[in-house]
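Enquirer: First the structure, then my questions, so here it is.
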Amino acid sequence: MLSTKRGARRIGVLVLLGAVGLSATGTGAAVPAPPPNPSDAEIQSGKAEAQRTAGQAGELANRLAEAESRLVGLQSQVEVKMEDANKARVDLQRAESAYGQARTAADAAAAEARAAADRIEAQRTRLDHFAASSYRQGSKLGSITAYVGARNPQEMLERASLLDAISDSQLDVLDDLERARIEKVNKDSLTRAALNEAEAKRRAADEARAAAEAAQQAAIQARAEQTQQAEGLRSERDSVQAELDAARAHVSGLQAQRADYQQWQEDKAREEQAAAASSVSGHQAGSSAPASSSSGDVEAVISRALSQLGMPYAWGGGNSRGPTRGIRDGGVADSYGDYAKTGFDCSGLMIYAFAAAGVSLDHYSGYQAQAGKRVPLSQMRRGDMLFWDDGGAIHHVALYLGNGKMVEAPYSGSRVRVAPVRYSGITSYAVRVL
């Protein structure tokens with residue numbers, strides 16, 4: 001923009017000089033009014049203000065990078081707590097099922113014990129009644145007198161059956177029944193002990209579920225608070241960045257005015273020389289500034305990545321032709337609905353960007369880290385890929401823009417953006433493909 005203004009001013013002056021050369025014969029032409037010439041103090045003051053604001057913006061950018069780094073860590077904690085809560089719910093379901101089975105078994109054992117006790121008591125009552133009757137009649141069990149007094153043949157048969165059973169030494173039936181009752185009572189006691197144990201496990205599982213769900217909510221709340229803090233820092237950073245841009249623009253404007261003034265001085269000197277040389281009928285326009293050379297493949301890659309600023313993050317999204325629908329991950333990405341969004345994840349953005357240079361990359365940041373030459377971070381340059389790992393496992397990639405900036409698709413719930421390079425968790429190397 002500034003070079004264009006200067007060129008236009010230079011052409012205007014040269015046209016004016018040409019007109020003067022054609023119409024004047026040895027007399028001086030009127031000199032255009034000089035442009036504003038800011039003082040050195042004004043320029044230095046503007047630079048100092050820009051430097052102060054840049055320091056403030058840098059501090060906020062670092063704080064924001066730290067906040068977002070903590071945000072990533074908190075997201076991992078949320079995922080772990082969610083899985084803990086899922087486990088606790090499953091354990092509670094199992095404990096409740098075991099408790100139900102133990103309760104059914106206990107009820108059945110108690111019913112069997114009561115039935116056995118009832119049978120024993122009925123048998124004992126009959127035996128006591130028969131023995132008492134025999135005693136009152138003065139007879140002994142097994143004697144004929146035991147049949148005297150029967151009111152009908154059925155009762156006589158019953159007495160005969162009882163006497164036969166007793167005479168055959170089957171009085172131990174009572175003992176067998178008693179032992180069976182005791183065994184049932186013991187089983188009932190064991191079953192109830194198992195029921196109590198199952199109940200204790202069920203209560204413990206319910207407490208664990210409540211604790212796990214509380215921990216999950218605490219982790220989600222912590223992440224929400226961190227997100228709010230990051231948003232606040234981001235807003236503050238953007239505000240200061242706007243001030244910085246304005247301060248830099250002010251300095252650039254002052255410097256442009258100074259350059260225009262210096263150019264005016266040069267043009268004025270040429271005008272005076274042209275006026276003095278009356279034999280010169282005109283002036284050839286000076287050559288304009290050479291056009292900038294092609295930005296090359298690196299700039300094409302960067303331009304393509306920057307063209308997607310603001311595009312939603314979608315896990316699994318993006319290919320060489322542009323943004324695509326995300327895919328399910330069964331976890332965090334699903335909770336943000338990435339599978340229903342069209343956008344990029346970190347490696348998908350790299351695929352799209354480098355396709356501008358004819359480079360084909362795999363949709364996996366780990367393989368992208370092997371796609372070019374590794375150079376130390378101290379030697380990274382514009383167009384290199386930067387990577388982050390955790391325990392040696394690559395999990396994120398971004399494109400370096402120079403001046404401490406990068407373009408990336410950060411995480412679910414975010415959008416493609418330009419951000420300061422985060423050095424927390426970054427690998428010790430950059431990867432240079434071009």
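Each chain of the structure tokens is named A, B, ... in the order shown, its residues numbered from 1; ligands are numbered from 1 in display order.
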Can you pull out every residue within 6 Å of Ala50 (chain A), counting only C-alpha atoms, but drop anything in the same chain fewer than 2 positions away, and send it as a PyMOL selection string?

Expert: chain A and resi 47-48+52-54+244+247-248

Enquirer: Would you write out those residues with C-alpha atoms, as a compact mmCIF listing (two decimals), in the first residue's frame?

Expert:
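Just written: out_26.txt:
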```
# COMPACT_ATOMS: atom_id res chain seq x y z
CA LYS A 47 7.43 3.08 18.55
CA ALA A 48 7.62 3.15 22.36
CA ARG A 52 4.68 -1.32 25.32
CA THR A 53 1.46 -2.66 23.82
CA ALA A 54 3.34 -5.51 22.14
CA LEU A 244 -1.18 -2.96 19.17
CA ALA A 247 -0.18 1.60 17.47
CA ARG A 248 1.78 -0.14 14.75
```

Enquirer: Quick one: everything within 12 Å of Gly253 (chain A), counting only C-alpha atoms, minus sequence neighbours fewer than 2 positions away in the same chain. Send it as a PyMOL selection string.

Expert: chain A and resi 1-2+5+36-38+42-43+46-47+245-251+255-260

Enquirer: To one decimal place, how far is CA of Gly358 (chain A) from CA of Asp297 (chain A) in Å?

Expert: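 If I compute the distance from CA of Gly358 (chain A) to CA of Asp297 (chain A), I get 8.9 Å.
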
Enquirer: With a distance cut-off of 7 Å and only C-alpha atoms, select the neighbouring residues of Lys201 (chain A), excluding the residue or stretch itself and same-chain residues fewer than 4 positions from it, and output the selection as an MDAnalysis selection string.

Expert: chainID A and resid 95 197 205

Enquirer: Emit the selected residues as a short mmCIF file (atom, residue, chain, number, x, y, z; two decimals), in the first residue's frame, including N, CA and C atoms.

Expert:
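Wrote it out as part_23.cif, contents follow:
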```
data_model
loop_
_atom_site.label_atom_id
_atom_site.label_comp_id
_atom_site.auth_asym_id
_atom_site.auth_seq_id
_atom_site.Cartn_x
_atom_site.Cartn_y
_atom_site.Cartn_z
N ALA A 95 -23.88 -55.20 41.41
CA ALA A 95 -24.13 -55.39 42.84
C ALA A 95 -25.62 -55.49 43.12
N GLU A 197 -24.00 -59.37 52.95
CA GLU A 197 -22.77 -59.01 52.23
C GLU A 197 -23.11 -58.35 50.89
N ALA A 205 -21.16 -49.86 46.26
CA ALA A 205 -21.15 -49.53 44.83
C ALA A 205 -21.95 -48.27 44.57
#
```

Enquirer: Within 9 Å of region 55-64 of chain A, which residues of region 184-266 of chain A come that close, and what is the closest atom pair and distance in Å for each? Count only C-alpha atoms and give it as a tab-separated table.

Expert:
```
residue	atom	partner	partner_atom	distance
A:Gln229	CA	A:Leu64	CA	8.8
A:Ala230	CA	A:Leu64	CA	6.0
A:Glu231	CA	A:Leu64	CA	8.6
A:Leu233	CA	A:Leu64	CA	5.8
A:Arg234	CA	A:Leu64	CA	6.5
A:Glu236	CA	A:Leu60	CA	7.5
A:Arg237	CA	A:Leu60	CA	5.5
A:Asp238	CA	A:Ala57	CA	8.3
A:Ser239	CA	A:Ala57	CA	8.9
A:Val240	CA	A:Ala57	CA	5.7
A:Gln241	CA	A:Ala57	CA	5.9
A:Leu244	CA	A:Ala57	CA	7.5
```

Enquirer: Write out as number ranges by chain which residues come within 12 Å of Gly331 (chain A) when counting only C-alpha atoms, dropping same-chain ones fewer than 6 positions away.

Expert: A: 75-76, 78-83, 315, 337-339, 412

Enquirer: What's around Asp118 (chain A) at 12 Å? Count only C-alpha atoms, leave out sequence neighbours fewer than 4 positions away in its own chain, and write the answer as a PyMOL selection string.

Expert: chain A and resi 111-114+122-125+177-178+180-181

Enquirer: Mind checking which residues fall within 7 Å of Leu377 (chain A), counting only C-alpha atoms, ignoring those fewer than 3 positions away in the same chain, and posting them as a PyMOL selection string?

Expert: chain A and resi 380+428-430

Enquirer: Could the residues in this selection be written to a file with C-alpha atoms, as a PDB file, in the first residue's frame?

Expert:
```
ATOM      1  CA  MET A 380      12.279 -23.598  12.318  1.00  0.00           C
ATOM      2  CA  SER A 428      12.265 -30.646  20.039  1.00  0.00           C
ATOM      3  CA  TYR A 429      12.069 -30.511  16.263  1.00  0.00           C
ATOM      4  CA  ALA A 430      10.048 -29.090  13.390  1.00  0.00           C
TER       5      ALA A 430
END
```

Enquirer: Show which residues sit within 10 Å of Ala356 (chain A), as number ranges by chain. Count only C-alpha atoms, and ignore same-chain residues fewer than 4 positions away.

Expert: A: 297-305, 320-321, 351-352, 360

Enquirer: At what distance in Å, to one decimal, does CA of Glu121 (chain A) lie from CA of Thr104 (chain A)?

Expert: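 Distance between the two atoms: 25.9 Å.
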
Enquirer: Interatomic distance between CA of Arg415 (chain A) and CA of Ala65 (chain A)?

Expert: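 Separation between CA of Arg415 (chain A) and CA of Ala65 (chain A): 15.5 Å.
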
Enquirer: What residues in region 232-367 of chain A get the DSSP label alpha helix (DSSP H)? Please answer as a count of residues only.

Expert: 72
